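A short worksheet on the structure shown next.
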Amino acid sequence: MNQSRPKVKKSRALGIALTPKAVKYFEARPYPPGEHGRGRKQTSDYKVRLLEKQRLRAQYDISERQMVRAYDRARKVEGKTGEALIIELERRLDALVLRSGIARTIYQARQMVVHGHIEVNGRKVDKPSFRVSPDDVVMVRERSREKHPFQVAREGGYAPDGETPRYLQVNLKALAFRLDRDPNRKEVPVICDEQLVVEYYAR
């Protein structure tokens, strides 16, 4: 899924910083990439909804197929489909590894999971899309803890700038966290008008 398109360029095209490095570039060049980046662009309703869907996908670094599956599950939940979609995506293992401060970016979080460094309730899980349930305990496996990225994480090097989301209990020294409960939409730090995403898929 990890496209080769440079993350900074992709961030500028979508209008959101996807990595800490992109934040700095954004401050310097707050317009889309390319020679026509500063020109006025025609936007249709479809284009606005498409962009919002792409932005949400990029923040979780997931494929269109994974997004459609998450949307289908969210539709079956009582209440607002858009909020259910965000919560569905936020319960992915790679997303929570990022939120906990064990990884610096969603790309690094995915790599940690795929390479078998993470366990859930004592069992190795190497699927980034694994859905974490309330009361699940996630930790870095014993044999991986001395690797450099985890030493950085243990010292708080990847901890989010804001506070850790309230739905997580995190112990960085132990390289572990627990999902206390399902997140509320307003607690999830993604930039998205999820109603536009729902309208995109419902069209």
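Each chain of the structure tokens is named A, B, ... in the order shown, its residues numbered from 1; ligands are numbered from 1 in display order.
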Exercise for review: Taking the DSSP assignment computed from this structure's backbone, write out as number ranges by chain all residues of stretch 44-125 of chain A that belong to strand (DSSP E).
Suggested key: A: 118-120, 123-124
Output for the residues just chosen: C-alpha atoms as a PDB file, in the first residue's frame:
ATOM      1  CA  ILE A 118       4.073  -6.260  18.265  1.00  0.00           C
ATOM      2  CA  GLU A 119       1.937  -8.612  20.336  1.00  0.00           C
ATOM      3  CA  VAL A 120      -1.678  -8.350  21.487  1.00  0.00           C
ATOM      4  CA  ARG A 123       0.259 -13.267  20.981  1.00  0.00           C
ATOM      5  CA  LYS A 124       2.254 -11.962  18.008  1.00  0.00           C
TER       6      LYS A 124
END
Point to revise | Non-local contacts of A:Leu14 (8 Å; only C-alpha atoms; under 2 positions in same chain excluded) as a ChimeraX atom specification | key: /A:10-12,16,32,51,54-55
Would you put the residues from that selection into a file with N, CA and C atoms, as a PDB file, in the first residue's frame?
ATOM      1  N   LYS A  10       2.818  14.300  -1.347  1.00  0.00           N
ATOM      2  CA  LYS A  10       1.467  13.770  -1.134  1.00  0.00           C
ATOM      3  C   LYS A  10       0.736  14.616  -0.090  1.00  0.00           C
ATOM      4  N   SER A  11       1.454  14.988   0.961  1.00  0.00           N
ATOM      5  CA  SER A  11       0.857  15.818   2.018  1.00  0.00           C
ATOM      6  C   SER A  11       0.357  17.138   1.442  1.00  0.00           C
ATOM      7  N   ARG A  12       1.181  17.754   0.594  1.00  0.00           N
ATOM      8  CA  ARG A  12       0.795  19.047   0.024  1.00  0.00           C
ATOM      9  C   ARG A  12      -0.387  18.901  -0.926  1.00  0.00           C
ATOM     10  N   ILE A  16      -2.806  18.128   4.020  1.00  0.00           N
ATOM     11  CA  ILE A  16      -2.597  17.721   5.417  1.00  0.00           C
ATOM     12  C   ILE A  16      -1.186  17.168   5.570  1.00  0.00           C
ATOM     13  N   PRO A  32      -0.563  23.384  -3.009  1.00  0.00           N
ATOM     14  CA  PRO A  32      -0.298  22.070  -3.620  1.00  0.00           C
ATOM     15  C   PRO A  32       0.995  22.060  -4.433  1.00  0.00           C
ATOM     16  N   LEU A  51     -11.618  14.196  -2.512  1.00  0.00           N
ATOM     17  CA  LEU A  51     -10.415  14.655  -1.802  1.00  0.00           C
ATOM     18  C   LEU A  51     -10.502  14.300  -0.317  1.00  0.00           C
ATOM     19  N   GLN A  54      -9.781  10.689   0.106  1.00  0.00           N
ATOM     20  CA  GLN A  54      -8.350  10.414  -0.076  1.00  0.00           C
ATOM     21  C   GLN A  54      -7.543  10.869   1.136  1.00  0.00           C
ATOM     22  N   ARG A  55      -7.959  11.979   1.724  1.00  0.00           N
ATOM     23  CA  ARG A  55      -7.253  12.491   2.909  1.00  0.00           C
ATOM     24  C   ARG A  55      -7.385  11.512   4.075  1.00  0.00           C
TER      25      ARG A  55
END
Practice item. Excluding stretch 83-99 of chain A and residues on its chain fewer than 2 positions from it, collect all residues at most 6 Å away from it, counting only C-alpha atoms, and give them as a PyMOL selection string. Key: chain A and resi 71+74+80-81+101-103+106+109-110+128-132+185
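Rounded to one decimal, atom CA of A:Lys47 and atom CA of A:Tyr200 lie 9.3 Å from each other.
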Review point. As a PyMOL selection string, which residues of stretch 2-165 of chain A does DSSP assign to alpha helix (DSSP H)?
Key: chain A and resi 7-14+20-28+45-60+64-75+81-90+93-100+106-114+148-154
Study note, to complete from the structure: In terms of only C-alpha atoms, the residue from A:Ser63, A:Ser100, A:Asn121, A:Thr43 at minimal distance from A:Leu172 is A:Ser100
